[in-house]
Amino acid sequence: MSENGWNESAAAWIADMGEHGDFGRRYVLDPIMAPRALAKRPRAALDVGCGEGRFCRMLSAEGVACTGIDPTPALIAHAQKRDPAGHYIEASGEALPFDEASFDLVVSYLSLIDMPEITVPIAEMARVLRPGGTLLVANLNGFNTAGAESGWIRDARGELVHYPVDYYLDERAFWTQWRGIRIVNHHRPLQAYMREFLRHDLQLRHFEEPRPIVGAPEPKAERYRRAPWFLVMEWMKPN
Ligand SMILES: C[S@@+](CC[C@H](N)C(=O)[O-])C[C@H]1O[C@@H](n2cnc3c(N)ncnc32)[C@H](O)[C@@H]1O
């Protein structure tokens with residue numbers, strides 16, 4: 001078993017993403033992330049922790065030259081196979097193999113919760129971003145990860161009662177599993193992330209705790225309305 005479970009989980013992850021991504025991506029995050037990523041017509045984008053490459057493929061289809069990096073060999077190999085003309089590199093967020101100011105747009109799409117520490121990766125994201133460029137982040141909300149070890153409390157009929165948050169301020173790693181995927185995630189309070197973005201004088205241009213889109217299938221959508229599941233942040237590197 002690898003340290004974080006990602007290599008062993010790669011096949012199940014690829015199956016779970018399918019063509020359109022899982023529920024949270026399709027009905028909650030993509031409707032915000034895709035237009036925001038494209039808004040300023042970036043020429044060169046970097047997707048840090050690109051996984052099997054779905055978001056990079058979406059950007060490439062819109063004419064953006066997207067580079068994806070990921071440390072999980074099975075995922076980066078799959079991304080390259082799905083998109084032979086694309087640019088995918090096995091690398092980790094802690095050491096981005098690019099010169100400074102190389103990208104107009106840097107994306108971290110649900111990858112910061114997978115990183116064992118965030119000081120160096122966020123410094124790296126800021127470094128490779130050009131002045132005036134955008135750092136677009138989707139992450140699990142800290143209220144979500146603070147309750148992930150117990151999960152939803154249900155009544156005798158299996159109906160959701162509430163989602164308990166506990167030890168919110170204490171950073172910790174935990175194993176989590178669903179549909180054949182078993183990986184390590186990291187809980188951090190929001191302040192731990194904000195501290196790192198602010199350290200580089202990045203300017204917050206947008207913050208959102210998104211709801212599912214209208215028409216998202218029920219009853220699953222209810223979960224994403226009742227507990228704060230995701231957040232989206234858009235930071236700008238000053239000129
Ligand atoms: C939840 S998946 C998200 C993948 C993709 N961004 C998406 O939204 O489908 C998290 C990804 O982070 C990657 N990852 C784990 N540790 C990392 C690190 N230190 N630096 C960069 N990526 C990492 C994993 O290999 C995995 O592909």
# chains A, B, ... in the order shown; residues from 1 in each chain; ligands from 1

$ residues_near_ligand --ligand "ligand 1" --cutoff "6 Å" --atoms "only C-alpha atoms and all ligand atoms" --output "list in words"
Trp6, Val48, Gly49, Cys50, Gly51, Asp70, Pro71, Thr72, Ser92, Gly93, Tyr109, Leu110, Ser111, Asp114 and Met115 of chain A

$ residues_around --residues "A:Val232" --least-positions-apart "2" --cutoff "9 Å" --atoms "only C-alpha atoms" --output "ChimeraX atom specification"
/A:29,32-33,136-140,206-210,230,234

$ write_last_selection --atoms "all heavy atoms" --output "CSV table (one decimal), in the first residue's frame"
chain,number,residue,atom,x,y,z
A,29,LEU,N,-19.3,21.8,-8.5
A,29,LEU,CA,-18.0,22.6,-8.7
A,29,LEU,C,-17.8,23.0,-10.2
A,29,LEU,O,-17.4,24.1,-10.5
A,29,LEU,CB,-16.8,21.8,-8.2
A,29,LEU,CG,-16.7,21.7,-6.7
A,29,LEU,CD1,-15.6,20.8,-6.3
A,29,LEU,CD2,-16.4,23.1,-6.1
A,32,ILE,N,-19.0,26.3,-11.6
A,32,ILE,CA,-18.3,27.5,-11.1
A,32,ILE,C,-16.9,27.5,-11.7
A,32,ILE,O,-16.4,28.5,-12.2
A,32,ILE,CB,-18.3,27.5,-9.6
A,32,ILE,CG1,-19.8,27.7,-9.1
A,32,ILE,CG2,-17.5,28.7,-9.1
A,32,ILE,CD1,-19.9,27.4,-7.7
A,33,MET,N,-16.2,26.3,-11.6
A,33,MET,CA,-14.8,26.3,-11.9
A,33,MET,C,-14.6,26.5,-13.4
A,33,MET,O,-13.6,27.2,-13.8
A,33,MET,CB,-14.2,24.9,-11.5
A,33,MET,CG,-14.1,24.7,-10.0
A,33,MET,SD,-12.9,25.8,-9.2
A,33,MET,CE,-11.4,24.9,-9.7
A,136,LEU,N,-6.9,29.5,-9.1
A,136,LEU,CA,-8.2,29.0,-8.9
A,136,LEU,C,-8.2,27.7,-8.1
A,136,LEU,O,-7.7,26.7,-8.5
A,136,LEU,CB,-8.9,28.8,-10.3
A,136,LEU,CG,-10.4,28.5,-10.3
A,136,LEU,CD1,-11.2,29.6,-9.6
A,136,LEU,CD2,-10.8,28.2,-11.7
A,137,VAL,N,-8.9,27.8,-7.0
A,137,VAL,CA,-8.8,26.6,-6.0
A,137,VAL,C,-10.2,26.1,-5.7
A,137,VAL,O,-11.1,26.9,-5.3
A,137,VAL,CB,-8.1,27.1,-4.7
A,137,VAL,CG1,-8.2,26.0,-3.7
A,137,VAL,CG2,-6.7,27.6,-4.9
A,138,ALA,N,-10.4,24.8,-5.8
A,138,ALA,CA,-11.6,24.2,-5.3
A,138,ALA,C,-11.1,23.2,-4.2
A,138,ALA,O,-10.1,22.5,-4.4
A,138,ALA,CB,-12.4,23.4,-6.3
A,139,ASN,N,-11.7,23.2,-3.1
A,139,ASN,CA,-11.2,22.4,-2.0
A,139,ASN,C,-12.4,21.9,-1.2
A,139,ASN,O,-13.5,22.4,-1.2
A,139,ASN,CB,-10.3,23.2,-1.1
A,139,ASN,CG,-9.3,22.3,-0.4
A,139,ASN,OD1,-8.9,21.2,-0.9
A,139,ASN,ND2,-8.8,22.7,0.8
A,140,LEU,N,-12.2,20.8,-0.4
A,140,LEU,CA,-13.2,20.4,0.5
A,140,LEU,C,-13.2,21.4,1.6
A,140,LEU,O,-12.2,21.9,2.1
A,140,LEU,CB,-12.9,19.0,1.2
A,140,LEU,CG,-13.0,17.8,0.2
A,140,LEU,CD1,-12.7,16.5,1.0
A,140,LEU,CD2,-14.4,17.7,-0.4
A,206,HIS,N,-12.5,36.1,-5.4
A,206,HIS,CA,-13.8,35.5,-5.3
A,206,HIS,C,-13.8,34.4,-4.3
A,206,HIS,O,-12.8,33.7,-4.2
A,206,HIS,CB,-14.2,34.9,-6.7
A,206,HIS,CG,-15.6,34.3,-6.7
A,206,HIS,ND1,-16.7,35.0,-6.8
A,206,HIS,CD2,-16.0,33.0,-6.6
A,206,HIS,CE1,-17.8,34.2,-6.7
A,206,HIS,NE2,-17.4,33.0,-6.6
A,207,PHE,N,-14.9,34.3,-3.5
A,207,PHE,CA,-15.0,33.2,-2.5
A,207,PHE,C,-16.4,32.7,-2.5
A,207,PHE,O,-17.3,33.5,-2.5
A,207,PHE,CB,-14.6,33.7,-1.1
A,207,PHE,CG,-14.7,32.6,0.0
A,207,PHE,CD1,-13.5,31.9,0.2
A,207,PHE,CD2,-15.8,32.4,0.7
A,207,PHE,CE1,-13.6,30.8,1.2
A,207,PHE,CE2,-15.9,31.3,1.6
A,207,PHE,CZ,-14.8,30.6,1.9
A,208,GLU,N,-16.5,31.4,-2.6
A,208,GLU,CA,-17.9,30.8,-2.7
A,208,GLU,C,-18.0,29.5,-2.0
A,208,GLU,O,-17.0,28.7,-2.1
A,208,GLU,CB,-18.2,30.7,-4.2
A,208,GLU,CG,-19.7,30.4,-4.4
A,208,GLU,CD,-20.1,30.6,-5.9
A,208,GLU,OE1,-19.2,31.2,-6.7
A,208,GLU,OE2,-21.2,30.2,-6.3
A,209,GLU,N,-19.1,29.2,-1.3
A,209,GLU,CA,-19.4,27.9,-0.8
A,209,GLU,C,-20.6,27.4,-1.6
A,209,GLU,O,-21.7,27.8,-1.3
A,209,GLU,CB,-19.7,28.0,0.7
A,209,GLU,CG,-18.5,28.3,1.5
A,209,GLU,CD,-18.8,28.6,3.0
A,209,GLU,OE1,-19.7,29.5,3.2
A,209,GLU,OE2,-18.2,28.0,3.9
A,210,PRO,N,-20.3,26.7,-2.7
A,210,PRO,CA,-21.4,26.5,-3.7
A,210,PRO,C,-22.4,25.6,-3.4
A,210,PRO,O,-22.2,24.5,-2.7
A,210,PRO,CB,-20.5,26.0,-4.9
A,210,PRO,CG,-19.3,25.4,-4.4
A,210,PRO,CD,-19.0,26.1,-3.1
A,230,PHE,N,-18.0,22.1,-0.1
A,230,PHE,CA,-16.9,22.6,-0.9
A,230,PHE,C,-16.7,24.1,-0.7
A,230,PHE,O,-17.6,24.8,-0.2
A,230,PHE,CB,-17.1,22.4,-2.4
A,230,PHE,CG,-17.3,21.0,-2.9
A,230,PHE,CD1,-18.5,20.6,-3.6
A,230,PHE,CD2,-16.3,20.0,-2.7
A,230,PHE,CE1,-18.6,19.3,-4.0
A,230,PHE,CE2,-16.5,18.7,-3.1
A,230,PHE,CZ,-17.7,18.4,-3.8
A,234,GLU,N,-10.8,32.3,-5.7
A,234,GLU,CA,-10.0,32.8,-6.9
A,234,GLU,C,-9.1,33.9,-6.4
A,234,GLU,O,-9.5,34.9,-5.8
A,234,GLU,CB,-11.0,33.3,-7.9
A,234,GLU,CG,-10.3,33.7,-9.2
A,234,GLU,CD,-11.3,34.1,-10.2
A,234,GLU,OE1,-12.3,33.4,-10.5
A,234,GLU,OE2,-11.1,35.2,-10.7

$ closest_residue --among "A:Ser102, A:Ser9, A:Gln80, A:Gln191" --to "A:Pro131" --atoms "only C-alpha atoms"
A:Ser102

$ closest_residue --among "A:His20, A:His186, A:His87, A:Arg26" --to "A:Ile213" --atoms "only C-alpha atoms"
A:Arg26

$ atom_distance --atom1 "atom CA of A:Glu3" --atom2 "atom CA of A:Glu90"
16.5 Å

$ closest_residue --among "A:Ala216, A:Glu117, A:Glu222, A:Phe23" --to "A:Arg172" --atoms "only C-alpha atoms"
A:Glu117

$ select_by_dssp --residues "stretch 5-218 of chain A" --states "alpha helix (DSSP H)" --output "PyMOL selection string"
chain A and resi 6-17+23-24+30-38+54-61+73-82+119-128+142-145+190-199

$ select_by_dssp --residues "stretch 66-208 of chain A" --states "strand (DSSP E or B)" --output "PyMOL selection string"
chain A and resi 66-70+87-90+103-109+129-140+153-154+160-162+172-178+181-187+203-208

$ closest_residue --among "A:Arg57, A:Arg82, A:Arg154, A:Arg130" --to "A:Ala44" --atoms "only C-alpha atoms"
A:Arg130

$ atom_distance --atom1 "atom CA of A:Asp16" --atom2 "atom CA of A:Ala34"
19.7 Å

$ residues_around --residues "A:Thr145" --least-positions-apart "6" --cutoff "9 Å" --atoms "only C-alpha atoms" --output "MDAnalysis selection string"
chainID A and resid 113 165 168 185:189 229

$ write_last_selection --atoms "N, CA, C and O atoms" --output "mmCIF file, in the first residue's frame"
data_model
loop_
_atom_site.group_PDB
_atom_site.id
_atom_site.type_symbol
_atom_site.label_atom_id
_atom_site.label_comp_id
_atom_site.auth_asym_id
_atom_site.auth_seq_id
_atom_site.Cartn_x
_atom_site.Cartn_y
_atom_site.Cartn_z
ATOM 1 N N ILE A 113 -6.411 19.117 -0.290
ATOM 2 C CA ILE A 113 -6.752 18.196 0.820
ATOM 3 C C ILE A 113 -5.980 16.892 0.731
ATOM 4 O O ILE A 113 -5.976 16.107 1.666
ATOM 5 N N VAL A 165 -19.431 18.282 13.299
ATOM 6 C CA VAL A 165 -18.090 18.865 13.149
ATOM 7 C C VAL A 165 -17.431 18.816 14.510
ATOM 8 O O VAL A 165 -18.038 19.191 15.503
ATOM 9 N N TYR A 168 -12.393 21.051 15.096
ATOM 10 C CA TYR A 168 -12.217 21.798 13.851
ATOM 11 C C TYR A 168 -10.819 22.391 13.724
ATOM 12 O O TYR A 168 -10.232 22.404 12.636
ATOM 13 N N ASN A 185 -6.803 11.796 3.281
ATOM 14 C CA ASN A 185 -7.092 13.231 3.159
ATOM 15 C C ASN A 185 -6.558 13.941 4.394
ATOM 16 O O ASN A 185 -6.277 13.306 5.418
ATOM 17 N N HIS A 186 -6.448 15.260 4.274
ATOM 18 C CA HIS A 186 -5.909 16.057 5.374
ATOM 19 C C HIS A 186 -6.920 17.116 5.770
ATOM 20 O O HIS A 186 -7.368 17.890 4.919
ATOM 21 N N HIS A 187 -7.276 17.120 7.048
ATOM 22 C CA HIS A 187 -8.145 18.191 7.544
ATOM 23 C C HIS A 187 -7.301 19.370 8.000
ATOM 24 O O HIS A 187 -6.322 19.197 8.741
ATOM 25 N N ARG A 188 -7.688 20.557 7.543
ATOM 26 C CA ARG A 188 -7.105 21.804 8.078
ATOM 27 C C ARG A 188 -8.225 22.816 8.210
ATOM 28 O O ARG A 188 -9.123 22.857 7.353
ATOM 29 N N PRO A 189 -8.173 23.663 9.237
ATOM 30 C CA PRO A 189 -9.165 24.731 9.297
ATOM 31 C C PRO A 189 -8.897 25.740 8.180
ATOM 32 O O PRO A 189 -7.773 25.816 7.655
ATOM 33 N N TRP A 229 -19.942 21.717 1.948
ATOM 34 C CA TRP A 229 -19.132 20.630 1.401
ATOM 35 C C TRP A 229 -17.851 21.119 0.738
ATOM 36 O O TRP A 229 -16.758 20.615 0.986
#

$ closest_residue --among "A:Ala101, A:Ala123, A:Val107, A:Ala45" --to "A:Glu196" --atoms "only C-alpha atoms"
A:Ala123

$ residues_around --residues "A:Ala95" --least-positions-apart "2" --cutoff "9 Å" --atoms "only C-alpha atoms" --output "PyMOL selection string"
chain A and resi 91-93+97-98+120-121+124

$ write_last_selection --atoms "N, CA, C and O atoms" --output "PDB file, in the first residue's frame"
ATOM      1  N   ALA A  91       4.788  14.659 -11.298  1.00  0.00           N
ATOM      2  CA  ALA A  91       5.485  15.586 -10.394  1.00  0.00           C
ATOM      3  C   ALA A  91       4.542  15.884  -9.243  1.00  0.00           C
ATOM      4  O   ALA A  91       3.337  15.629  -9.327  1.00  0.00           O
ATOM      5  N   SER A  92       5.081  16.435  -8.174  1.00  0.00           N
ATOM      6  CA  SER A  92       4.213  16.757  -7.048  1.00  0.00           C
ATOM      7  C   SER A  92       4.160  18.270  -6.843  1.00  0.00           C
ATOM      8  O   SER A  92       5.031  19.016  -7.322  1.00  0.00           O
ATOM      9  N   GLY A  93       3.147  18.692  -6.123  1.00  0.00           N
ATOM     10  CA  GLY A  93       2.950  20.115  -5.865  1.00  0.00           C
ATOM     11  C   GLY A  93       4.101  20.734  -5.093  1.00  0.00           C
ATOM     12  O   GLY A  93       4.288  21.955  -5.122  1.00  0.00           O
ATOM     13  N   PRO A  97       8.026  21.563 -11.716  1.00  0.00           N
ATOM     14  CA  PRO A  97       9.190  21.620 -12.618  1.00  0.00           C
ATOM     15  C   PRO A  97       9.028  22.687 -13.713  1.00  0.00           C
ATOM     16  O   PRO A  97       9.112  22.387 -14.909  1.00  0.00           O
ATOM     17  N   PHE A  98       8.789  23.946 -13.289  1.00  0.00           N
ATOM     18  CA  PHE A  98       8.566  25.043 -14.236  1.00  0.00           C
ATOM     19  C   PHE A  98       9.256  26.296 -13.726  1.00  0.00           C
ATOM     20  O   PHE A  98       9.426  26.488 -12.514  1.00  0.00           O
ATOM     21  N   VAL A 120       4.726  24.635   1.095  1.00  0.00           N
ATOM     22  CA  VAL A 120       5.565  24.601  -0.110  1.00  0.00           C
ATOM     23  C   VAL A 120       4.707  24.543  -1.378  1.00  0.00           C
ATOM     24  O   VAL A 120       4.947  25.310  -2.325  1.00  0.00           O
ATOM     25  N   PRO A 121       3.684  23.674  -1.450  1.00  0.00           N
ATOM     26  CA  PRO A 121       2.877  23.649  -2.679  1.00  0.00           C
ATOM     27  C   PRO A 121       2.233  25.003  -3.016  1.00  0.00           C
ATOM     28  O   PRO A 121       2.215  25.398  -4.181  1.00  0.00           O
ATOM     29  N   GLU A 124       4.827  27.240  -4.349  1.00  0.00           N
ATOM     30  CA  GLU A 124       5.145  26.834  -5.716  1.00  0.00           C
ATOM     31  C   GLU A 124       4.089  27.327  -6.708  1.00  0.00           C
ATOM     32  O   GLU A 124       4.417  27.798  -7.804  1.00  0.00           O
TER      33      GLU A 124
END

$ residues_around --residues "A:Ser60" --least-positions-apart "6" --cutoff "12 Å" --atoms "only C-alpha atoms" --output "count of residues only"
20

$ closest_residue --among "A:Gly24, A:Pro35, A:Gly147, A:Pro73" --to "A:Met58" --atoms "only C-alpha atoms"
A:Pro35

$ residues_around --residues "A:Leu129" --least-positions-apart "6" --cutoff "8 Å" --atoms "only C-alpha atoms" --output "JSON, numbers by chain"
{"A": [100, 101, 102, 103, 104, 105, 106, 135, 237]}

$ write_last_selection --atoms "all heavy atoms" --output "PDB file, in the first residue's frame"
ATOM      1  N   GLU A 100       9.589  30.374 -12.969  1.00  0.00           N
ATOM      2  CA  GLU A 100       8.599  31.261 -12.366  1.00  0.00           C
ATOM      3  C   GLU A 100       7.850  32.020 -13.457  1.00  0.00           C
ATOM      4  O   GLU A 100       8.343  32.188 -14.577  1.00  0.00           O
ATOM      5  CB  GLU A 100       9.239  32.210 -11.359  1.00  0.00           C
ATOM      6  CG  GLU A 100      10.203  33.198 -11.889  1.00  0.00           C
ATOM      7  CD  GLU A 100      10.821  33.968 -10.731  1.00  0.00           C
ATOM      8  OE1 GLU A 100      11.501  33.329  -9.894  1.00  0.00           O
ATOM      9  OE2 GLU A 100      10.608  35.179 -10.691  1.00  0.00           O
ATOM     10  N   ALA A 101       6.629  32.413 -13.127  1.00  0.00           N
ATOM     11  CA  ALA A 101       5.763  33.183 -14.035  1.00  0.00           C
ATOM     12  C   ALA A 101       5.513  32.463 -15.362  1.00  0.00           C
ATOM     13  O   ALA A 101       5.465  33.084 -16.414  1.00  0.00           O
ATOM     14  CB  ALA A 101       6.365  34.576 -14.264  1.00  0.00           C
ATOM     15  N   SER A 102       5.341  31.149 -15.333  1.00  0.00           N
ATOM     16  CA  SER A 102       5.144  30.372 -16.564  1.00  0.00           C
ATOM     17  C   SER A 102       3.680  30.293 -16.997  1.00  0.00           C
ATOM     18  O   SER A 102       3.406  29.949 -18.139  1.00  0.00           O
ATOM     19  CB  SER A 102       5.635  28.935 -16.367  1.00  0.00           C
ATOM     20  OG  SER A 102       7.011  28.893 -16.166  1.00  0.00           O
ATOM     21  N   PHE A 103       2.739  30.548 -16.083  1.00  0.00           N
ATOM     22  CA  PHE A 103       1.332  30.263 -16.393  1.00  0.00           C
ATOM     23  C   PHE A 103       0.429  31.471 -16.103  1.00  0.00           C
ATOM     24  O   PHE A 103       0.639  32.188 -15.120  1.00  0.00           O
ATOM     25  CB  PHE A 103       0.845  29.063 -15.566  1.00  0.00           C
ATOM     26  CG  PHE A 103       1.597  27.798 -15.878  1.00  0.00           C
ATOM     27  CD1 PHE A 103       2.659  27.393 -15.068  1.00  0.00           C
ATOM     28  CD2 PHE A 103       1.268  27.030 -16.989  1.00  0.00           C
ATOM     29  CE1 PHE A 103       3.376  26.236 -15.369  1.00  0.00           C
ATOM     30  CE2 PHE A 103       1.981  25.873 -17.289  1.00  0.00           C
ATOM     31  CZ  PHE A 103       3.033  25.473 -16.478  1.00  0.00           C
ATOM     32  N   ASP A 104      -0.605  31.635 -16.958  1.00  0.00           N
ATOM     33  CA  ASP A 104      -1.629  32.671 -16.719  1.00  0.00           C
ATOM     34  C   ASP A 104      -2.631  32.201 -15.673  1.00  0.00           C
ATOM     35  O   ASP A 104      -3.280  33.009 -15.014  1.00  0.00           O
ATOM     36  CB  ASP A 104      -2.442  32.937 -18.003  1.00  0.00           C
ATOM     37  CG  ASP A 104      -1.558  33.207 -19.187  1.00  0.00           C
ATOM     38  OD1 ASP A 104      -0.682  34.069 -19.059  1.00  0.00           O
ATOM     39  OD2 ASP A 104      -1.730  32.536 -20.227  1.00  0.00           O
ATOM     40  N   LEU A 105      -2.788  30.879 -15.599  1.00  0.00           N
ATOM     41  CA  LEU A 105      -3.798  30.298 -14.711  1.00  0.00           C
ATOM     42  C   LEU A 105      -3.198  29.059 -14.047  1.00  0.00           C
ATOM     43  O   LEU A 105      -2.639  28.204 -14.738  1.00  0.00           O
ATOM     44  CB  LEU A 105      -5.032  29.874 -15.537  1.00  0.00           C
ATOM     45  CG  LEU A 105      -6.089  29.040 -14.818  1.00  0.00           C
ATOM     46  CD1 LEU A 105      -6.842  29.888 -13.782  1.00  0.00           C
ATOM     47  CD2 LEU A 105      -7.097  28.459 -15.829  1.00  0.00           C
ATOM     48  N   VAL A 106      -3.315  28.987 -12.732  1.00  0.00           N
ATOM     49  CA  VAL A 106      -2.952  27.770 -12.000  1.00  0.00           C
ATOM     50  C   VAL A 106      -4.217  27.282 -11.294  1.00  0.00           C
ATOM     51  O   VAL A 106      -4.918  28.077 -10.652  1.00  0.00           O
ATOM     52  CB  VAL A 106      -1.817  28.026 -10.983  1.00  0.00           C
ATOM     53  CG1 VAL A 106      -1.551  26.775 -10.145  1.00  0.00           C
ATOM     54  CG2 VAL A 106      -0.537  28.457 -11.702  1.00  0.00           C
ATOM     55  N   LEU A 135      -5.019  32.189  -9.599  1.00  0.00           N
ATOM     56  CA  LEU A 135      -4.918  30.888  -8.932  1.00  0.00           C
ATOM     57  C   LEU A 135      -6.334  30.496  -8.517  1.00  0.00           C
ATOM     58  O   LEU A 135      -6.956  31.162  -7.682  1.00  0.00           O
ATOM     59  CB  LEU A 135      -4.002  30.996  -7.710  1.00  0.00           C
ATOM     60  CG  LEU A 135      -3.949  29.785  -6.772  1.00  0.00           C
ATOM     61  CD1 LEU A 135      -3.565  28.514  -7.517  1.00  0.00           C
ATOM     62  CD2 LEU A 135      -2.952  30.050  -5.634  1.00  0.00           C
ATOM     63  N   LYS A 237      -2.454  37.113  -8.497  1.00  0.00           N
ATOM     64  CA  LYS A 237      -1.086  37.518  -8.131  1.00  0.00           C
ATOM     65  C   LYS A 237      -0.916  38.972  -8.581  1.00  0.00           C
ATOM     66  O   LYS A 237      -1.124  39.281  -9.760  1.00  0.00           O
ATOM     67  CB  LYS A 237      -0.079  36.617  -8.838  1.00  0.00           C
ATOM     68  CG  LYS A 237       1.369  36.924  -8.504  1.00  0.00           C
ATOM     69  CD  LYS A 237       2.255  35.781  -9.008  1.00  0.00           C
ATOM     70  CE  LYS A 237       3.724  36.102  -8.886  1.00  0.00           C
ATOM     71  NZ  LYS A 237       4.575  34.943  -9.213  1.00  0.00           N
TER      72      LYS A 237
END

$ residues_around --residues "A:Arg226" --least-positions-apart "3" --cutoff "10 Å" --atoms "only C-alpha atoms" --output "PDB file with N, CA and C atoms, in the first residue's frame"
ATOM      1  N   LEU A 160     -30.792  11.149   6.901  1.00  0.00           N
ATOM      2  CA  LEU A 160     -29.758  12.021   7.460  1.00  0.00           C
ATOM      3  C   LEU A 160     -30.312  12.822   8.630  1.00  0.00           C
ATOM      4  N   HIS A 162     -27.814  14.769  10.991  1.00  0.00           N
ATOM      5  CA  HIS A 162     -26.928  15.929  10.927  1.00  0.00           C
ATOM      6  C   HIS A 162     -25.504  15.477  10.619  1.00  0.00           C
ATOM      7  N   TYR A 163     -24.657  16.473  10.353  1.00  0.00           N
ATOM      8  CA  TYR A 163     -23.262  16.192  10.010  1.00  0.00           C
ATOM      9  C   TYR A 163     -22.395  16.825  11.097  1.00  0.00           C
ATOM     10  N   ARG A 211     -23.640  25.879  -3.879  1.00  0.00           N
ATOM     11  CA  ARG A 211     -24.787  24.965  -3.815  1.00  0.00           C
ATOM     12  C   ARG A 211     -24.807  24.113  -5.073  1.00  0.00           C
ATOM     13  N   ALA A 221     -28.461  15.707  -3.832  1.00  0.00           N
ATOM     14  CA  ALA A 221     -28.149  17.131  -3.789  1.00  0.00           C
ATOM     15  C   ALA A 221     -28.375  17.713  -2.387  1.00  0.00           C
ATOM     16  N   GLU A 222     -29.329  17.105  -1.668  1.00  0.00           N
ATOM     17  CA  GLU A 222     -29.659  17.611  -0.332  1.00  0.00           C
ATOM     18  C   GLU A 222     -28.427  17.655   0.572  1.00  0.00           C
ATOM     19  N   ARG A 223     -27.581  16.649   0.447  1.00  0.00           N
ATOM     20  CA  ARG A 223     -26.379  16.581   1.298  1.00  0.00           C
ATOM     21  C   ARG A 223     -25.494  17.806   1.102  1.00  0.00           C
ATOM     22  N   TRP A 229     -19.942  21.717   1.948  1.00  0.00           N
ATOM     23  CA  TRP A 229     -19.132  20.630   1.401  1.00  0.00           C
ATOM     24  C   TRP A 229     -17.851  21.119   0.738  1.00  0.00           C
TER      25      TRP A 229
END
